[in-house]
Each structure stands twice: as C-alpha cells, then as structure tokens.
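**Q** Okay, here's the structure, questions in a sec.
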Amino acid sequence: MSSETLIIQAGLSERSRKSRLPARLDLLQSLSGLFLALFMWGHMFFVASILLGKDAMWTITKFFEGYHFFGKAYPWLVSVVVAVVIAVFVVHAMLAVRKFPINYRQFRVFRAHAKSMRHGDTTLWMWQVYSGFAMFFLASAHLYQMLVWPQDIGPFGSGGRMWVDGLWPFYLVLLLLVEFHGSIGLYRLAVKWCWPNCSREFLKKLKWGITAFFLVLGLATLGAYMKIGYDYQENYKNGERYTPTWAQQAEESAK
Amino acid sequence: MKVIFTDVLVIGGGLAGLRMGIGAKRRGHEVIVLSLVPPKRSHSAAAQGGMQASLANVIKGQGDNEDVHFEDTVRGSDWGADQDVARMFANTAPKAVRELAAWGLPWSRVTPGDRQVIINSQKVTITERDEARGLVAQRDFGGTKKWRTCYVADGTGHAMLYTASDRAISEGVEVHERTEAIALIHDGKRCYGAVVRDLITGELRAYLAKATTIATGGAGKLYRVTTNAVICEGIGHAIALETGVAALGNMEAMQFHPTGIVPLGILVTEGCRGDGGLLRDVDGHRFMPDYEPEKKELASRDVVSRRMEEHIRKGKGVKSRFGEHLWLDITLLGRHHIEHNLREVKEICESFMGIDPAEKWIPVRPAHHYTMGGVRTNHTGESPHLKGLFAAGEAACWDMHGFNRLGGNSVAETVVAGMIVGEFIADFCDKQENHVDVPMKLVEGFMEREDAKLKALLNSKGTEKAFQLNEEMQEIMASSVGVFRNGEALKNCVEKLQDMLKRSRNIGLTSKIPGVNPELVAAYRTQKMLKLALTVAYGALQRTESRGAHFREDYPNRDDQQWLKRTLSFWRDENATLPELQYEALDVMKMELPPGWRGYGAKDYIDHSDTAKRQAEIDEIRKKMEDEGKDRFAIQDALMPFRDKLPENLRGLNERIDEPLNG
Amino acid sequence: MSNGQNNTASGGKTRQRTLTFHILRYNPQDPDSKPRMQSYQVEEAEGMTLFLALSEIREHQDPTLQYDFVCRAGICGSCSMVINGRPGLACRTLTQDLETDVTLAPLPVFELIGDLSVNTGKWMRGMSERLETWVHTKEEEVNLSKAESRMDPELAEQIYELDRCVECGSCVAACGTAQMRQDFVGAVGMNKIARFKLDPRDVRTDDDFYEVVGDDSGVFGCMSLLGCHDVCPKELPLQTQIAFLRRKMATIGC
C-alpha cells in the first residue's frame, strides 16, 4: 500500500503537505462549466438553424455527421461528440455537487439564509442548485437519447419528437433550466476569477441580456420544431427522414 | 473553587496589556491576558491620529529628537509628569515604532519631492528629502514643536492593535476573552492575582500569578459624554483602589478632547487639526488665533478645550437642539486628503451625522477623552505600595502625562510602557525571591467574599437601580468635574456622589437570570465606579490651583509652590465614602526641565521656590559642557541621568537621517 | 466658502415615531430558555442609532437583554448583528434609515452567548491561529536602534486598505458557504492572506499560503456569492481580493 494511502487512513493527511487536488478540482469545475455553457450556446445556434428553414437545419445536422467531409453521413460521429459532452457533464455534476447542501439541515439553513439576506447573488445560487439538480435527470435523459439515436436528429425527427412524441414540455423545461443555469454559471465564473475585471452590476446586466436572448431564440426554435412536428406528423410516424430541397428537386428532375 | 496558575496575569487586552504580555512571554514566562472583550475590540483601536516618536523623517520633523519630544511632553503635562519616566518614554518611542514596523504595521511612508500641505490655513509646498524615501512619515499634532506623529492614515490605533494582537497570537500568549477581574487577591503587602468573573457563564475563578498587571485603559464612562468606549469604566482602577493598599495617582486629571462630535461624543482625530483643519464659531470666524496666537488650533488639548468652552460662554456657540457647539472645518484639506488620510473621520461623519466633511463643517464640542490618572507606579511599572502589582498604559499613573497628555502620546505610551514594563515584569518573575507560595486560605477568602457580594446583590431587596445611579453619576461628573471646575460645584458634587455611593449599597435587581446577567454587571460596576468618581471629584476639590486639564475658576493659576505634587488616593476603609488623599511632591531640584511657561495657554503661574535655583544650575552645566564641546547626550546625562533606569535592551540610541549611528 | 448650516445637529424637524423592535431572545445559560421573539417599543430620538435604542431597552425596559457594544463608533466591530435580515454594525445603523418595525437577531455561524451577543472573538482567534495571520520574519529579534526598513508609500497604503478589516464577522454571517461548512475561513480569512501576501516583510511564499487556504475550507470552498463584499461595513474590496487569491492558489495547484 502506498504511504499516502496509509497517511490518509490514519487521519494524518492534514499534517502532511497539502494536496494540490482541490486547486485542480476547482479549476476543473469552472472549466467544465465553461465548456458546457459555451457548448450550449453553440448547440442553441445549431438547433435554431431550423428558424432559417428545414434545409439549413438538415445541412448543419449532416455537417456534424461528417457528410461534407466524407460525402456520406455517419451519425455515430454525433454519438462521439455526445459522449464527450456526457463525460464533461458528469465531471461537472460530480464537482458541483460537492458544493450542494448535503443534508436537510444544511439545506434548511441555506434556504433560511437566502430568504433572510434578500441578496441577489445568494438567491441566484439557490437557482443553480435547483436547476442543476433537475438537470441531473432531464439533461441525462436527453443526452442518452442523442447518444443512442443520433440518426433521429433532423427536421422530421426532432420535430416529431416534440409534437408526436409529446416531448415539448420536457424540452421547454430543459430549455429554461439550461439557459438560466448556463448564464448564471458564466456570470459566476467571471466574478469568481475576476476576469474581465469589471463591476458586478455590469456583469449582471450582461447576464440577463444573454439569458433573454437565448430564451427568445430557444422558445422560437421550440415553436418551429413543434410546428414541423405537427405539419409532418405522418412523415415522422412513417419513419421518414427529411430530404433537403435540392435533393427533392434532383429526385423530381430525375423522374 | 476553580484556580488557574500562571507567571504573569495581565488584566486588560489592549495595546499595553498585549505588549507587556508579549514581552514577558518572550522572556520565558507563562502569560494569561484577561480581556473584557476580544482583544482586537479594545479601545486602543479607536486611537486614530497617530503615535508620537521623534524619528525626524519628514522635513517638518527635521531636528526632532528625544530632547524635543521630552520637553514637549513635560510642557504638555504642565510639569505634572515624572521627568525620568518622560525621558524613558521619549527614548523608547522610536524603538516602539520600529519594532511595530518590523512586525508588519503598515505605517504611512514618506514620498520624496514636493507636496502641498495646509499650514495655518495657507497652502504651502514642502519638499521631502530623497533620503527619507519610504521611511515612516510624521504629521503635525497639538502641543508639539516638530511634526512627530507617526500614523497609519487615521486608523493608527486599529492597525497597531491588530499587529500587536496578531503578534501575541504568534507568540502563544494566552488570552481569556470575556472575563473581568472584580477583585485583586492580596494580603496587604503582596498581590497574588485576581478574582475573575466569566462574562459568558457568570462563573468565578481565581487567577494566581507571580506578577499581576493592570492595563485596563481609561475611565471615561464616569462622564456622560466621552469619546471612550462603553467598556472604559475604570474597573481596573477601582479594583486596585479597593485593595486599600495601592494608590491611584492624579485622578482629578481628566482630559477633554476638543473635537468630540455633537451629540454622541464620538471622537474625530486631532489629525484633522494637525493636517490643517480649523475651528470656527457661529459666525464662521476662526477664533483660536485670537486666544492662542502662537499655536492656534494646535495648542495642547486642555488649552484648546478651555478656549472653546470660553468662546461658547461668550455667546459664540452654534445653538442646536443638543446644546451649543462649534464647528470643525476640514473642507480646506480637499477631498483627496480626506478620503486617504482621514477616512475614518469621513466614515464617522457620514454614518452618524449624514454629512460629507469635504463639503460641510463638523459640529464639535469638547468631550471627556482621557484619564491621565491611574494606578500609581514607580518607573518600573510596579506599585510602590503593593508588591507584585504592576500597571501600564492609560490605567497607570506611571506619570509621563502629568496633568495633560499630548495627542499621540497615549498609543505611544501603551506600546512603550508595554515594552519597558514587560521587561521589568520578566525581571521580577526571574528573581527567586519573588516566587511565591500562594496562601490558599487567602485565595479562598477572597473568592468567598466576592461570591457573597454578588449573591447579596442578586438577593437584595434594595430599591436603588444600577442603571439609574450610573446615569446620575455621569450627569454630575459632566456638569461639575468638566473643563471648568469650581469649589462650590465640586463640593456639591462630592456630597452627591457620597450619597450615591451609600445608595449604591442598596441596589436591587429586577432580574435574576443565570449567566452573565447585564443588570448584575451594571450593579457591581456602578458601586466601583462611584468610588472612582469620588477620587476624581474629591481630588479636584482639594487641588486649589489650575494645572493642565484641571482648571479651577476660583484658582485660575498654576501654583508650583503649593501644588507641584501628585495626588494619591487610597480607599482604606471599605465603608468609607471618601478616599484618603496624600500628596507626593515633585522635586524641582532633580528636574531636567524646571517649571516655566508652556509656550501656549496662561502665562501667569506661581513659581516654586526652587525653580530659579535649579534653572541657574542647569544653565551653568549646559553652558560649561557646551563650551567643552560635549554632545547632547552627555549634557542630558549630566542634568538628569535616566538611561540606567531603562531595561538593558532599550538603552540604545536612535538612528535618524541626520544622526546616523556610529559603526 | 462652504458652511455647516442645515446639518442634522442644528436642523430640527422630523415627526416623532414609535419604533418596534422584534428581537430574537435566547439564553443558553438558562436551561428553561427557548428561542423566541420579543418585541419592545421605543420612542425614536433624533440621530438615534441601534446602540442608543438597545441601551434604552436594557436600561429602562428589560435589563436581561444581552448584546455587545464597545466603541459605539463603527471602529471596533463588536456589534455586528442581523438587522432586518442582513448582518451589519448596529452602532452605525441610524434608526431614521429603518422602517418602524425592526427585526434583530444574532449573527449566525458564531457561537451564541445570549440574545444578540455572539462569540466572534473565539472564532476569529481560531482563524488567526489557523491562517497564521502575522508577518513571518526571518530574524526573531529586531535591532531597535536602527532605522526602519523602507517601504513604498503606495504599497503601505494598499496594505492598510486590507488591514482595515475589523473582524466584525459580518462577512462570515453573510456567507452562503459558511452557513453550511463550519470550518470555512470566510472572507475575513482570505482577505488576511491577501494582505500578508502583499506584504514584503512576510517571507511566506505562495506555496506556504496554499498550505493554509488551498482547500475547500479555504479559497476553493468559496462559491463567490459575495454576500461578504456586499455587507462589509468597511467596504473592503473582498470580491477582487478573493478572486486574486483564487487565481494565485489555483496556479500553485496546477
């Protein structure tokens, strides 16, 4: 057994040189959060491509499936990306949960504290805990789905999931959670590491601006998918995948 | 009975107590410091303006040295000071500043080159020397010939207290917070420690030590309006007095600070005037030059306070619902200066009066500020009457302040006395003959007596209320033993206080809750404070002259012939209602600086019969030695040798830019 | 030329209000005591602070009420309590800035002595011992005759800026982490480390500082909710100092 193990077991770790791990974990928590938040910004823009039309969305999807590089789509490429995101997500969740209240006593004390203080940053953190906790489940479910059935991503597939499978309430909730959690998290990062070194008032305004922007974008996108889901429910039920306009035209002209 | 043994018991966790504790601990003695509050909350923290030490770094301090500091201090004291002690002090003050600097105190430092200052309400450009770059800076203060007050913005006391307290923690000095010594244990000859009450649980414990030290600060709460903290009730003074053996010296010497804010009496620092602030009256007129053309606003505190009250009596005060006041104008210093060097002042003005001192004048009036008197000690800090009892700082009458203390000399005294007395205490504890076998029967007796007193208060059916008595005492002290005093009012005051003391033996409590019980605390403290108030009022009544802060309208002159002596108060009979006073003459023939005019204030005084003789002697020695080319140290030594009175490690000279050390 | 007219000291007006104080009472020394709210009514006076109001209550209505005041001038840090839900210095709180109903409670986190009195001193001493909040020097003995070492005036001012902390405990009471982790050093501790890190007289390196604050009860436990920064009565730049320390300590760890 290593001496370190024995030292820890004997309860003497406080007496030896302090572990460098807490520093790394703290940094990792921030970096994983940053990665996820930036990923979600990108993700939002990609899914919002539906607002530019089904073709745009299809193109982006196929781009991620490597269509533009290999001339053929490989949905498992998306699975790879999803797997990476899942890994970061799990790491972030593990690190963040260390900060959560670990028992009812702590939770009760913190809630009373936040209520009494009426202090913006403290209240926002309560939201982080709630939204983070909820995302353990909701985001996990979504990620699992994307990991296993990446080929279902597309105008018909995604739209159908919203409308025909009735998952739009799930996505609505997830959207709200992600946008609040992400922007509060980014704000917290700026404050935590003090970069850029500017006032919290400004950062807060910026944060609310970003939240509002992505919420509007997100709601519009959700609406667009729901409409497609409604308009093309039969196609979805038949397992049909969306064919881009140029391919339809090519097909028609071929006929 | 719970008993705690140690080598040195320090009662009081302010600067003096902590520094003594550090000193004794470093010499290998176990130390326990008792403190009413966490030490960093002590009233030392409230010293804003600075600490005098003749470093002579700034250009306006050039030429300053121990001699000048000594003379300023003695003049300030109106010749009431013990000149040996004033010498010991002046020599050690630079060492104290430098020690604190090494311990991490962020003293404000000198920036070389031109800077604008306000002197006598004029903008003046002064040029700091390049050699002074980064050395500790000094500012001007009242009653000083040179700029000598070292400072940390206007949080000097705070920064000093934190540095000393953290140093004490690093040295492992044990502090028992929230404890109060309520009686000294002694057998009439030797002090063995104290009966101590735990201010959390109410429990009594006996602390036994080779040396017991009182460093409990001032007794400002004898007065209604005081700059002192709530805890400055003089209980340390009182328990020494209650031994019936130890004496309190010069209790009638109470200082009133010119600039207490109205109505709370919170202090705004002398640094305001030192940095160029002015006093104005109802017409906006700057009146101090009319009275004190030489030093103006920067005469000593007793003089400025008196002039202010005098001016108010002439009808020049500003009327407000809280009575009359005058204005302190620091607007001319400019916002930048106020926000950097006087920020505590700014905070106080904003928080308590809602005014911006960079824009508006501050309403001020003299408020009780400092207790020059205290437990009488010899130059080692030990009571000449009770062996094993020491005192230092404001609680002591070591006697470097006499009848008026100079601004910046009190925090200086705390650390300087802490250094000096700390060494003497260690010497005391080192000596085999001072190791004691404490007679436990005696300890038990004291514990039982104190316990019985507290129980009697708790069970008393008395009708007097402690809080009310305390308030009455504060009122009469403020009205009769203030800036101006006269025989009739003092006589009346003493009688009333005697009556109150009798009434205080009939205090009843409304609550008997377990634990510390604030009402019980007020009850036993009020009983002690009334005795203390009597030493002040009675001492003032008996002293038929005016000296320093003690001003008798019916005896307006200083009378060296009759009164060049120190008042000693004893309380030998527990049931008495008056202290017994004795007087200790000051020997003019041994003085380095015989009595004369202070350089400000009244010019008519009655000389002592020895003064002229001693002055002639001094002049002769000085002339002779100067002709022989002797340096100032040799001349000083011929006039009044003091160096061998200091602990060995503090006898060295002090390096200055213009006085480099040889080798 | 400015003048001082119309100050609060000279200006009279304002209607008389009756203030109601709702105070959380509990005496741990009394086995029969249970935490409860008790209300007191006080006639407001001009320039009244919570110090004056509470003194009035103790001296004229309820002599059992426990609280801590020392300097009553906002200098010593003794009297921090939870005023209408937030920690602050009671002596410096003017009643005219409050509604007629005022709720007072003791600071959380610290050991309760009784009613509004808490043992901040014990906590702070523990913190000081743990973080070694003093300048660590090479030589033990200072040569007292020699001139002091020089220091850049601006640096001295910067150090004093952080040295202004009065250890009142407001930052700890306002800290989300401290509510949950009893061993958290709080902003007061981190500010001290930042202060000694700045001080060239302290020979400790970043590695040494890491030893005392480089874990989850130190700087990495801080979640940057900054209740500390927002309640600090001395307006210390805690946000910047904590971030600065976090960056330095993270660098050590990586």
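All residue names refer to the structure tokens as shown: chains lettered A, B, ... in order, residues numbered from 1 in each chain, ligands numbered from 1 in order.
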With only C-alpha atoms considered, list every residue of chain C at most 7 Å from chain B, as a VMD selection string.
**A** chain C and resid 2 to 4 8 to 10 29 to 30 59 63 to 64 66 69 to 73 75 to 78 92 113 121 129 133 to 135 142 144 to 148 150 to 153 156 to 157 159 to 160 163 201
**Q** Sorted by chain and rising residue number, which residues of chain A lie within 10 Å of chain C, and what are their closest atom pairs and distances in Å to one decimal, counting only C-alpha atoms, as CSV?
**A**
residue,atom,partner,partner_atom,distance
A:Glu14,CA,C:Glu211,CA,9.5
A:Ser16,CA,C:Glu211,CA,9.4
A:Arg17,CA,C:Glu211,CA,7.0
A:Lys18,CA,C:Glu211,CA,5.5
A:Ser19,CA,C:Asp215,CA,8.1
A:Arg20,CA,C:Gly253,CA,4.6
A:Leu21,CA,C:Gly253,CA,7.0
A:Pro22,CA,C:Asp215,CA,5.2
A:Ala23,CA,C:Ala250,CA,4.9
A:Arg24,CA,C:Gly253,CA,6.1
A:Leu25,CA,C:Phe220,CA,8.7
A:Asp26,CA,C:Phe220,CA,6.1
A:Leu27,CA,C:Ala250,CA,6.9
A:Arg98,CA,C:Gly221,CA,9.5
A:Lys99,CA,C:Gly221,CA,7.8
A:Phe100,CA,C:Met180,CA,9.1
A:Pro101,CA,C:Met180,CA,6.8
A:Ile102,CA,C:Met180,CA,8.7
A:Asn103,CA,C:Met180,CA,9.6
A:Arg105,CA,C:Met180,CA,8.6
A:Gln106,CA,C:Met180,CA,5.4
A:Phe107,CA,C:Met180,CA,8.1
A:Arg108,CA,C:Met180,CA,9.7
A:Val109,CA,C:Gln179,CA,6.6
A:Phe110,CA,C:Gln179,CA,6.3
A:Arg111,CA,C:Gly176,CA,9.5
A:Ala112,CA,C:Gly85,CA,9.8
A:His113,CA,C:Gly176,CA,7.3
A:Ala114,CA,C:Gly176,CA,7.9
A:Lys115,CA,C:Gly85,CA,8.2
A:Ser116,CA,C:Gly85,CA,4.5
A:Met117,CA,C:Arg86,CA,5.2
A:Arg118,CA,C:Gly85,CA,7.7
A:His119,CA,C:Gly227,CA,7.0
A:Gly120,CA,C:Leu225,CA,8.6
A:Asp121,CA,C:Leu225,CA,5.1
A:Thr122,CA,C:Leu225,CA,5.4
A:Thr123,CA,C:Leu225,CA,8.9
A:Leu124,CA,C:Leu225,CA,8.6
A:Trp125,CA,C:Leu225,CA,7.3
A:Met126,CA,C:Gly176,CA,9.8
A:Arg188,CA,C:Ser224,CA,7.0
A:Leu189,CA,C:Ser224,CA,8.7
A:Ala190,CA,C:Ala243,CA,9.5
A:Val191,CA,C:Ser224,CA,6.8
A:Lys192,CA,C:Ser224,CA,5.5
A:Trp193,CA,C:Ala243,CA,4.9
A:Cys194,CA,C:Ala243,CA,5.6
A:Trp195,CA,C:Ala243,CA,8.9
A:Asn197,CA,C:Thr240,CA,8.2
A:Cys198,CA,C:Thr240,CA,9.8
A:Ser199,CA,C:Gln239,CA,9.8
A:Arg200,CA,C:Gln239,CA,9.4
**Q** List every residue of region 114-296 of chain B that DSSP, applied to the backbone of this structure, places in alpha helix (DSSP H), and write the result as a VMD selection string.
**A** chain B and resid 156 to 170 235 to 241 271 to 274 288 to 291
**Q** Write out as a PyMOL selection string which residues come within 12 Å of Phe287 (chain B) when counting only C-alpha atoms, dropping same-chain ones fewer than 5 positions away.
**A** chain B and resi 278-282+292-293+296-297+304+307-312+314+316-317+326-328
**Q** Restricted to N, CA and C atoms, what would the selected residues look like written as a PDB file, in the first residue's frame?
**A**
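See selection08.pdb below for the written result:
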ATOM      1  N   LEU B 278      -9.560  73.740  10.847  1.00  0.00           N
ATOM      2  CA  LEU B 278      -9.741  74.949  11.664  1.00  0.00           C
ATOM      3  C   LEU B 278     -10.983  74.821  12.534  1.00  0.00           C
ATOM      4  N   LEU B 279     -10.971  75.598  13.636  1.00  0.00           N
ATOM      5  CA  LEU B 279     -12.165  75.688  14.471  1.00  0.00           C
ATOM      6  C   LEU B 279     -12.861  77.011  14.168  1.00  0.00           C
ATOM      7  N   ARG B 280     -14.165  76.947  13.989  1.00  0.00           N
ATOM      8  CA  ARG B 280     -14.916  78.157  13.661  1.00  0.00           C
ATOM      9  C   ARG B 280     -16.109  78.289  14.602  1.00  0.00           C
ATOM     10  N   ASP B 281     -16.570  79.534  14.750  1.00  0.00           N
ATOM     11  CA  ASP B 281     -17.705  79.755  15.645  1.00  0.00           C
ATOM     12  C   ASP B 281     -18.990  79.994  14.858  1.00  0.00           C
ATOM     13  N   VAL B 282     -19.989  80.499  15.551  1.00  0.00           N
ATOM     14  CA  VAL B 282     -21.313  80.660  14.940  1.00  0.00           C
ATOM     15  C   VAL B 282     -21.272  81.569  13.710  1.00  0.00           C
ATOM     16  N   GLU B 292      -4.869  82.094  21.127  1.00  0.00           N
ATOM     17  CA  GLU B 292      -3.560  81.448  21.159  1.00  0.00           C
ATOM     18  C   GLU B 292      -2.783  81.792  19.891  1.00  0.00           C
ATOM     19  N   PRO B 293      -2.224  82.996  19.855  1.00  0.00           N
ATOM     20  CA  PRO B 293      -1.571  83.413  18.615  1.00  0.00           C
ATOM     21  C   PRO B 293      -0.392  82.521  18.218  1.00  0.00           C
ATOM     22  N   LYS B 296      -2.286  78.451  18.017  1.00  0.00           N
ATOM     23  CA  LYS B 296      -3.641  78.473  17.426  1.00  0.00           C
ATOM     24  C   LYS B 296      -4.414  77.181  17.727  1.00  0.00           C
ATOM     25  N   GLU B 297      -4.932  76.497  16.662  1.00  0.00           N
ATOM     26  CA  GLU B 297      -5.691  75.254  16.885  1.00  0.00           C
ATOM     27  C   GLU B 297      -4.815  74.155  17.472  1.00  0.00           C
ATOM     28  N   VAL B 304      -6.968  74.142  24.191  1.00  0.00           N
ATOM     29  CA  VAL B 304      -7.960  74.323  23.122  1.00  0.00           C
ATOM     30  C   VAL B 304      -9.370  74.081  23.660  1.00  0.00           C
ATOM     31  N   ARG B 307     -10.447  77.052  25.670  1.00  0.00           N
ATOM     32  CA  ARG B 307     -10.747  78.200  24.803  1.00  0.00           C
ATOM     33  C   ARG B 307     -12.086  78.020  24.098  1.00  0.00           C
ATOM     34  N   MET B 308     -12.368  76.795  23.707  1.00  0.00           N
ATOM     35  CA  MET B 308     -13.648  76.548  23.034  1.00  0.00           C
ATOM     36  C   MET B 308     -14.813  76.805  23.987  1.00  0.00           C
ATOM     37  N   GLU B 309     -14.717  76.266  25.199  1.00  0.00           N
ATOM     38  CA  GLU B 309     -15.793  76.480  26.170  1.00  0.00           C
ATOM     39  C   GLU B 309     -15.929  77.962  26.507  1.00  0.00           C
ATOM     40  N   GLU B 310     -14.785  78.620  26.604  1.00  0.00           N
ATOM     41  CA  GLU B 310     -14.767  80.051  26.897  1.00  0.00           C
ATOM     42  C   GLU B 310     -15.496  80.809  25.781  1.00  0.00           C
ATOM     43  N   HIS B 311     -15.209  80.428  24.556  1.00  0.00           N
ATOM     44  CA  HIS B 311     -15.811  81.090  23.404  1.00  0.00           C
ATOM     45  C   HIS B 311     -17.322  80.848  23.358  1.00  0.00           C
ATOM     46  N   ILE B 312     -17.718  79.642  23.721  1.00  0.00           N
ATOM     47  CA  ILE B 312     -19.149  79.344  23.769  1.00  0.00           C
ATOM     48  C   ILE B 312     -19.807  80.202  24.847  1.00  0.00           C
ATOM     49  N   LYS B 314     -19.024  83.060  25.679  1.00  0.00           N
ATOM     50  CA  LYS B 314     -19.154  84.425  25.174  1.00  0.00           C
ATOM     51  C   LYS B 314     -20.314  84.561  24.197  1.00  0.00           C
ATOM     52  N   LYS B 316     -20.709  82.690  21.446  1.00  0.00           N
ATOM     53  CA  LYS B 316     -20.321  82.450  20.060  1.00  0.00           C
ATOM     54  C   LYS B 316     -20.555  81.007  19.599  1.00  0.00           C
ATOM     55  N   GLY B 317     -21.234  80.246  20.464  1.00  0.00           N
ATOM     56  CA  GLY B 317     -21.520  78.868  20.089  1.00  0.00           C
ATOM     57  C   GLY B 317     -22.668  78.790  19.097  1.00  0.00           C
ATOM     58  N   LEU B 326     -19.410  74.124  18.412  1.00  0.00           N
ATOM     59  CA  LEU B 326     -18.626  74.917  17.458  1.00  0.00           C
ATOM     60  C   LEU B 326     -18.406  74.059  16.223  1.00  0.00           C
ATOM     61  N   TRP B 327     -17.722  74.652  15.253  1.00  0.00           N
ATOM     62  CA  TRP B 327     -17.507  73.891  14.012  1.00  0.00           C
ATOM     63  C   TRP B 327     -16.043  73.501  13.842  1.00  0.00           C
ATOM     64  N   LEU B 328     -15.841  72.303  13.339  1.00  0.00           N
ATOM     65  CA  LEU B 328     -14.516  71.903  12.873  1.00  0.00           C
ATOM     66  C   LEU B 328     -14.580  71.894  11.345  1.00  0.00           C
TER      67      LEU B 328
END
**Q** Could you list, as a list of chain:residue names, every residue within 10 Å of Tyr207 (chain B), counting only C-alpha atoms and ignoring same-chain residues fewer than 2 positions away?
**A**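 Here the qualifying residues turn out to be B:Lys2, B:Val3, B:Ile4, B:Phe5, B:Thr6, B:Val8, B:Leu9, B:Ile32, B:Leu34, B:Ala181, B:Leu184, B:Ile185, B:Tyr192, B:Gly193, B:Ala194, B:Val195, B:Val196, B:Leu204, B:Arg205, B:Ala209, B:Thr212, B:Val443.
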**Q** Store the residues picked out above, limited to N, CA and C atoms, as an mmCIF file, in the first residue's frame.
**A**
data_model
loop_
_atom_site.group_PDB
_atom_site.id
_atom_site.type_symbol
_atom_site.label_atom_id
_atom_site.label_comp_id
_atom_site.auth_asym_id
_atom_site.auth_seq_id
_atom_site.Cartn_x
_atom_site.Cartn_y
_atom_site.Cartn_z
ATOM 1 N N LYS B 2 -12.365 27.093 41.334
ATOM 2 C CA LYS B 2 -11.530 26.884 40.160
ATOM 3 C C LYS B 2 -10.344 27.854 40.220
ATOM 4 N N VAL B 3 -9.140 27.304 40.166
ATOM 5 C CA VAL B 3 -7.941 28.139 40.285
ATOM 6 C C VAL B 3 -7.057 27.937 39.058
ATOM 7 N N ILE B 4 -6.587 29.032 38.508
ATOM 8 C CA ILE B 4 -5.687 28.962 37.352
ATOM 9 C C ILE B 4 -4.368 29.632 37.735
ATOM 10 N N PHE B 5 -3.280 28.918 37.529
ATOM 11 C CA PHE B 5 -1.958 29.457 37.867
ATOM 12 C C PHE B 5 -1.233 29.933 36.615
ATOM 13 N N THR B 6 -0.507 31.003 36.767
ATOM 14 C CA THR B 6 0.346 31.462 35.667
ATOM 15 C C THR B 6 1.483 32.281 36.272
ATOM 16 N N VAL B 8 2.497 35.410 34.834
ATOM 17 C CA VAL B 8 2.105 36.809 34.704
ATOM 18 C C VAL B 8 0.629 36.880 34.345
ATOM 19 N N LEU B 9 -0.111 37.598 35.154
ATOM 20 C CA LEU B 9 -1.524 37.820 34.851
ATOM 21 C C LEU B 9 -1.676 39.260 34.391
ATOM 22 N N ILE B 32 -1.080 34.986 31.007
ATOM 23 C CA ILE B 32 -2.507 34.962 30.656
ATOM 24 C C ILE B 32 -3.003 36.402 30.641
ATOM 25 N N LEU B 34 -6.269 38.715 30.517
ATOM 26 C CA LEU B 34 -7.722 38.731 30.691
ATOM 27 C C LEU B 34 -8.265 39.920 29.922
ATOM 28 N N ALA B 181 -11.796 40.943 35.863
ATOM 29 C CA ALA B 181 -11.244 40.864 37.218
ATOM 30 C C ALA B 181 -12.086 41.765 38.098
ATOM 31 N N LEU B 184 -8.683 42.171 43.385
ATOM 32 C CA LEU B 184 -7.308 41.682 43.442
ATOM 33 C C LEU B 184 -7.141 40.855 44.708
ATOM 34 N N ILE B 185 -6.372 39.775 44.601
ATOM 35 C CA ILE B 185 -6.105 38.944 45.776
ATOM 36 C C ILE B 185 -4.770 39.397 46.357
ATOM 37 N N TYR B 192 -1.377 38.660 44.710
ATOM 38 C CA TYR B 192 -1.222 37.273 44.249
ATOM 39 C C TYR B 192 -2.046 36.956 43.007
ATOM 40 N N GLY B 193 -2.829 37.891 42.558
ATOM 41 C CA GLY B 193 -3.673 37.572 41.405
ATOM 42 C C GLY B 193 -5.025 38.238 41.554
ATOM 43 N N ALA B 194 -6.040 37.625 40.946
ATOM 44 C CA ALA B 194 -7.340 38.287 40.938
ATOM 45 C C ALA B 194 -8.480 37.286 40.968
ATOM 46 N N VAL B 195 -9.585 37.758 41.498
ATOM 47 C CA VAL B 195 -10.848 37.021 41.380
ATOM 48 C C VAL B 195 -11.486 37.476 40.074
ATOM 49 N N VAL B 196 -11.824 36.513 39.248
ATOM 50 C CA VAL B 196 -12.227 36.848 37.881
ATOM 51 C C VAL B 196 -13.599 36.260 37.578
ATOM 52 N N LEU B 204 -17.152 32.334 38.759
ATOM 53 C CA LEU B 204 -15.984 32.991 39.358
ATOM 54 C C LEU B 204 -14.797 32.035 39.342
ATOM 55 N N ARG B 205 -13.628 32.586 39.005
ATOM 56 C CA ARG B 205 -12.397 31.785 39.041
ATOM 57 C C ARG B 205 -11.307 32.611 39.699
ATOM 58 N N ALA B 209 -0.855 34.499 40.202
ATOM 59 C CA ALA B 209 0.326 34.793 39.406
ATOM 60 C C ALA B 209 1.415 35.413 40.262
ATOM 61 N N THR B 212 0.947 40.541 38.784
ATOM 62 C CA THR B 212 -0.385 40.892 38.283
ATOM 63 C C THR B 212 -0.317 42.312 37.734
ATOM 64 N N VAL B 443 -6.771 33.001 49.257
ATOM 65 C CA VAL B 443 -7.476 32.945 47.974
ATOM 66 C C VAL B 443 -8.932 32.566 48.198
#
**Q** Skip Glu66 (chain B) itself and residues of its chain fewer than 5 positions away, then list as a ChimeraX atom specification all residues within 7 Å of it, counting only C-alpha atoms.
**A** /B:54,90-91
**Q** Just C-alpha atoms for this one: save the residues we selected as a PDB file, in the first residue's frame.
**A**
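Final file, again_8.pdb:
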ATOM      1  CA  SER B  54      10.928  61.508  17.257  1.00  0.00           C
ATOM      2  CA  ALA B  90      10.907  59.608  24.660  1.00  0.00           C
ATOM      3  CA  ASN B  91      13.923  57.368  24.204  1.00  0.00           C
TER       4      ASN B  91
END
**Q** Name all residues at most 12 Å from region 71-74 of chain B (count only C-alpha atoms; drop same-chain ones fewer than 6 positions away) and give them as a PyMOL selection string.
**A** chain B and resi 52-54+64-65+80-90+141-148+299-300+399-410+412-413+548+591-600+636
**Q** Based on DSSP run over this structure's backbone, return all residues of region 95-251 of chain C in strand (DSSP E or B), as a PyMOL selection string.
**A** chain C and resi 101-105+112-114+117-118
**Q** Would you compute the distance between CA of Gly629 (chain B) and CA of Lys613 (chain B)? Give it in Å to one decimal.
**A**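 Value for the CA of Gly629 (chain B)-CA of Lys613 (chain B) distance: 24.5 Å.
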**Q** Can you tell me which residues surround Leu238 (chain C) at a distance of at most 7 Å, considering only C-alpha atoms, apart from same-chain residues fewer than 6 positions away, and format the answer as a PyMOL selection string?
**A** chain C and resi 187+191+229
**Q** Take CA of Tyr225 (chain A) and CA of Trp163 (chain A) and report the distance between them in Å, one decimal.
**A**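 Spanning CA of Tyr225 (chain A) to CA of Trp163 (chain A) is a straight-line distance of 7.9 Å.
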